[in-house]
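In what follows, a structure is listed as C-alpha cells, so that the remarks can point back to it.
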Amino acid sequence: MTTRPDQPISDALDRADAGLLARRLDARTCSPELLARLLRHPASRIRHLGLTLLAERTDTPQAGSRSGGGGGGAGHGGEGRAGHPALLARLLPTSPGESPEESLLLARLHARLGTQTPGHRLPDWRAAALPARVRIAWLRTELLNDPAVLRTEPPGELLYRAVRESAAADARRPDLLVAELVDSGDPVLRAEALRLARDGLHAGLLAPAFVRGRLVQLLDAPEHDVVTGALRELAEPWAVVTPLDASLLSRPVDARGGGRCADGPGAGGAEGGGPAWSEALAAAALLAGARHGHPMVLWTTAEDPSEAPALRRQAVELLGDQAQRTDIGRLVALAATDPLLLAGPVLTCLRGLHRRGHFPAEPDTGQLLALALADRTLPAEDIATVLYTCRRPLFDALLDAPPTAPDWPRRLELLVALARQGAADVPIGEAVARLLPAARAPRPFLDAIRVLRPPGVEEAVLALLPTAPSAALDALEAIGGDRTRSALARGLGIGGPVDGPSDGVADGPSTAPGRAPRLPVVPELRPVRDRAAALLWHLTQEPAQRRDLLARLDPQALPPGIEADLGGPDERELAVLRARVDVDDPVAALCRIAAYADAATLPLVADLLLRIVRDLAAPLDPADGPDRPRTDAPLRSAASSPPNRPGRTANPSCRTRRWKPCAPSGAGCGGGGGSGPSVCSTRRTTPARATRSSPRRCWVCWSAPGSPAVNRPCCSRRCSRSPRPRPPGPGCTACCAPATRRYASTSSPCWPTTPRARTRGPCPRRSSR
C-alpha cells in the first residue's frame with residue numbers, strides 16, 4: 001500500500017494537530033489549496049496557524065516561485081502562482097474573525113493584500129464587537145484601501161490613531177489619501193497629511209508638483225504648526241526649483257502678525273498663542289523667502305526695530321546668499337546701529353558673500369574694524385578672512401592707535417589672525433616688534449611675538465625679562481638664541497666654569513674654598529627659575545656648557561623640561577650609528593634609529609619613511625606618473641640637514657627632547673618578544689595570500705608561475721586568467737616579476753614592494769615597456 005506525500009498533512013488537519021503542522025509546513029512552499037484549508041478549519045488554533053503562514057508568505061518576496069515539496073502538501077501545479085497577491089487575497093475569509101488575535105491578523109493581511117488587489121472588499125468589521133486596538137487596525141486598513149472613508153468617518157481618537165499608524169508606502173493611492181486629509185479641515189488630520197506628503201515624496205511615491213500644490217494649500221490653514229511645517233518643507237531644495245511668489249510665503253505671517261516683539265503691534269497673534277509660535281512661523285517664512293529668492297522680505301525684517309531680535313539676526317544671516325557687493329555698506333551701517341546684536345550676523349553674511357566672490361571695499365574697512373573692536377566675541381580669523389583683500393588698509397587702521405590704548409589686545413589678536421592668512425606683503429611682525437618697547441602692558445605683545453616670530457626682536461624681549469619674566473620666557477622659547485642663552489646663564493648665576501659637584505642653582509654666592517664665586521640668581525628669575533633653567537638647557541649645545549649647567553642642578557628637584565631630555569646617547573656614537581643605514585631594508589633601519597632619534601634625526605627619518613611608502617603611492621603603470629627616485633640614491637643624514645637660522649631656535653619641546661618608545665616591553669615591532677620602539681605604522685606586512693611559503697604570483701592578474709596560454713601586458717609570464725585587482729605580493733610593482741636577482745644585468749631600476757622581496761638590480765620588464 002502506497003502513502004501519498006500529503007497524507008500526513010491531511011491526517012494532521014483531520015485531527016487538528018497544530019504542533020505537527022507547525023513543524024512540517026513552510027510558508028514559502030505551502031500550496032494555496034492547503035492554505036485555504038487551514039484558513040477555513042473549524043479549530044481556532046489551525047486558523048491562527050494558517051493566518052500566520054499567510055502573513056509570512058506575503059512578507060517573503062517571490063515566495064510562490066520557490067519549488068520544493070518539503071511539507072508542501074497537495075497541488076504543486078499552482079506553486080508558480082502562489083505568490084500572486086490576488087490569489088492570496090482570495091484565500092482570506094469573509095468574516096472579521098472570531099477572536100481578537102485572529103481579527104488583528106486578518107486586518108493586517110487585508111491591509112497588505114487589499115492595497116495590491118483592485119476591487120478588494122473588506123468584511124463587515126463594524127458590526128462585530130471588537131476591542132479598540134482591533135477596530136483601529138480595521139479602520140486603518142479601510143483608509144489605506146479607500147481614502148474616501150474620511151468624508152463619512154466622524155473625527156475621534158480611533159480615526160486619529162488609525163491615520164497616525166498609516167504610512168504612504170502602504171496605501172493603494174497615497175495621493176488620494178493625502179488629498180483627502182488636506183481637505184478634511186481637521187487640525188490633526190492636516191498635520192498627518194503633511195507627514196504623509198513628506199514621506200511619500202522622499203519615497204518616490206508622490207510627484208513634487210502634487211506635493212507643492214498641497215503644501216501651498218496648507219498655508220491657508222488656521223493651525224500655526226501646520227503652516228510652519230509647510231513653510232519649512234517649501235524651503236527644501238526640491239521645492240525651490242520653481243520659486244513661489246513672495247506674497248504667498250509671507251501671507252501666513254501677515255495674517256497672524258507673527259514675529260513682532262512682545263511690546264510691539266500684533267504681539268499676541270491671531271490665536272493668542274504668544275510670541276513662541278509666532279517667531280517660529282516667521283522664521284520659517286524668512287527661510288522660505290530666502291530660498292525662493294526674495295531678498296526684500298529679509299531686508300524688511302532686518303531693518304525693522306520692532307521685529308524680534310532673533311528674527312532680525314536670522315534675516316541678516318540669510319542675506320549672505322542674496323545680497324550683492326553693493327549691499328555691503330548697507331549691511332555694515334545696519335550693524336553699526338546695534339553692534340552687540342547684529343555684528344555677528346553681519347560677519348556671517350559677509351562670509352557668505354566672500355564665498356560667492358563679493359568682497360568689501362576699502363571704505364568699509366574702518367567700519368568693519370570698529371565692529372570687531374566693539375564686539376570681541378567675533379572670531380578674529382573670520383574678520384581677517386573677510387578683509388583679506390583690504391589687508392593693507394586694515395593693517396594701517398590696526399596700527400593707528402597709541403601704544404597705551406586699552407584695546408591693543410584685540411588689535412594684536414586681529415594682527416595675528418591677518419598674518420595667519422598668509423599676508424606676506426604686510427610687515428606685521430616688524431610692526432609689533434617696534435611697538436613692544438613702548439607698550440604699557442607687554443604680555444599681549446609678547447604673546448603675539450611668540451606666534452609671529454619676527455627677526456631681530458630678541459634683544460627687545462630680553463629687555464622685558466625683568467618686568468614680565470613669564471611672558472618673556474614664553475616668547476623666548478620661540479625666538480631665543482645665543483643671546484638668550486647668555487642672558488639666562490647670567491641670570492641664573494652660571495657665569496663661569498665650576499669645579500667639583502654642586503648642590504643646585506643657588507640663590508647666594510658660594511663660599512667653598514678653591515672655587516670661583518657663584519653669582520646669585522637674579523630676583524626677577526626666582527619665581528620662574530625652573531622654566532628659565534629648562535630653556536637654558538635646551539638652548540645649550542656645547543658639551544662643556546651643558547656639564548657646567550648639569551653640575552648646578554638639584555637631582556631632587558629637576559625641572560620637568562630638563563628631566564625629559566636627560567639620558568641621551570653621545571653624539572659621536574649616534575653619528576656612527578646613523579652612518580650605518582641599510583638602504584635595502586629601510587624598515588629595519590627605521591626601527592633601529594627610532595630607539596635613539598631626536599629632532600636632529602628628522603631628515604634621515606623622513607627619507608626612510610619616504611622610501612617605505614613610495615611604492616604604495618606609485619601608479620601601477622610607470623608611464624602614468626612621474627619618475628621615481630632611484631633606490632641607490634644617498635640618504636640625507638642629520639649632519640647634512642640645514643642648520644637653524646641665527647636667532648631662531650625651535651621650541652624646546654620639539655628641538656632636543658628625545659623620542660620615547662611607546663610600545664611596552666615584549667610588544668615591539670621586531671617580533672619575538674623584543675622591546676622595540678613603536679613604529680608599527682611604518683611597516684608593511686605581507687598579505688595572508690602572499691606569504692613566504694606561497695608561490696610567487698603576478699600582482700595584476702594573480703597568476704601562478706607556469707600558467708599556460710595568453711600573453712598579458714601586466715606581467716612577464718603566460719597566463720589565461722582575466723586581469724583583476726588583487727592584493728600585492730612579494731615582487732616587483734613595475735614588472736610583477738618574483739623577487740630574485742636574476743635580472744641584475746639590464747639597465748632599468750626595479751622597485752621592490754616588501755623588505756624581504758628586494759631586487760637590487762634593474763628591471764627588464766620596465767625597460768621593455
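By order in the C-alpha cells, chains are A, B, ...; within a chain, residues start at 1; ligands start at 1, following the order shown.
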
Residues of region 258-397 of chain A in alpha helix (DSSP H), written as a PyMOL selection string: chain A and resi 275-291+295-302+309-318+328-337+339-355+365-374+380-386+391-397

Shell around region 315-322 of chain A at 8 Å using only C-alpha atoms, local window under 5 positions removed, as number ranges by chain: A: 286-287, 290, 293-295, 298-299, 301-302, 342, 345-346, 348-353

Convert the current residue selection to file output with C-alpha atoms, as a CSV table (one decimal), in the first residue's frame.
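Saved file selection.csv follows:
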```csv
chain,number,residue,atom,x,y,z
A,286,LEU,CA,12.1,84.0,6.3
A,287,LEU,CA,13.9,80.8,5.4
A,290,ALA,CA,15.4,83.4,1.2
A,293,GLY,CA,15.0,84.3,-3.9
A,294,HIS,CA,13.1,87.2,-2.2
A,295,PRO,CA,15.7,89.5,-0.5
A,298,LEU,CA,14.8,89.8,4.5
A,299,TRP,CA,15.7,93.4,4.3
A,301,THR,CA,12.7,92.2,8.7
A,302,ALA,CA,16.4,93.1,9.3
A,342,LEU,CA,23.9,92.5,14.6
A,345,PRO,CA,25.1,88.0,11.9
A,346,VAL,CA,26.7,90.7,9.6
A,348,THR,CA,28.2,85.6,8.9
A,349,CYS,CA,26.6,87.3,6.0
A,350,LEU,CA,29.9,88.7,4.8
A,351,ARG,CA,31.4,85.2,5.0
A,352,GLY,CA,28.6,84.1,2.6
A,353,LEU,CA,29.3,87.0,0.3
```

Exercise: Thr389 (chain A) partners within 10 Å, only C-alpha atoms, chain neighbours under 6 positions left out, as a PyMOL selection string: chain A and resi 359-362+423

Written selection (C-alpha atoms) as a short mmCIF file (atom, residue, chain, number, x, y, z; two decimals), in the first residue's frame:
```cif
data_model
loop_
_atom_site.label_atom_id
_atom_site.label_comp_id
_atom_site.auth_asym_id
_atom_site.auth_seq_id
_atom_site.Cartn_x
_atom_site.Cartn_y
_atom_site.Cartn_z
CA PHE A 359 34.48 91.33 -1.15
CA PRO A 360 34.35 94.54 0.91
CA ALA A 361 35.86 97.72 -0.47
CA GLU A 362 38.48 99.87 1.24
CA ALA A 423 49.76 88.25 4.26
#
```

From A:Ala129, A:Arg312, A:Asp382, A:Thr117, residue lying nearest Pro96 (chain A) [only C-alpha atoms]: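 Closest to Pro96 (chain A), using only C-alpha atoms: A:Ala129.
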
Residue neighbourhood Val581 (chain A), 9 Å, only C-alpha atoms, exclusion window fewer than 4 positions, as a PyMOL selection string: chain A and resi 577+585-586+589-590+593+635

Point-to-point distance from CA of Pro85 (chain A) to CA of Leu49 (chain A), Å rounded to tenths: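 Taking CA of Pro85 (chain A) as the start and CA of Leu49 (chain A) as the end point, the length is 19.3 Å.
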
Contact residues around Leu104 (chain A) with only C-alpha atoms at 9 Å, ignoring same-chain residues under 4 positions, as a PyMOL selection string: chain A and resi 96-97+99-100+108-109+133-135+137-138

Atomic separation - CA of Ser278 (chain A) relative to CA of Asp327 (chain A), Å: 28.8 Å

Contact residues around Ala148 (chain A) with only C-alpha atoms at 9 Å, ignoring same-chain residues under 5 positions, as a tab-separated table (two decimals) with C-alpha atoms, in the first residue's frame:
```tsv
chain	number	residue	atom	x	y	z
A	143	LEU	CA	-8.36	54.06	4.92
A	176	LEU	CA	-5.74	60.39	-2.80
A	177	LEU	CA	-5.04	59.77	0.87
A	180	GLU	CA	-8.46	63.72	1.49
```

Between CA of Arg198 (chain A) and CA of Glu233 (chain A) - distance in Å to one decimal: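 About the pair CA of Glu233 (chain A) and CA of Arg198 (chain A): they are 7.9 Å apart.
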
Contacts of Ala288 (chain A) at 9 Å (only C-alpha atoms; same-chain gap of 4+ positions) as a list of chain:residue names: A:Leu231, A:Arg232, A:Glu233, A:Leu234, A:Ala235, A:Glu236, A:Val240, A:Leu249, A:Ala283, A:Ala284, A:His292, A:Gly293, A:His294
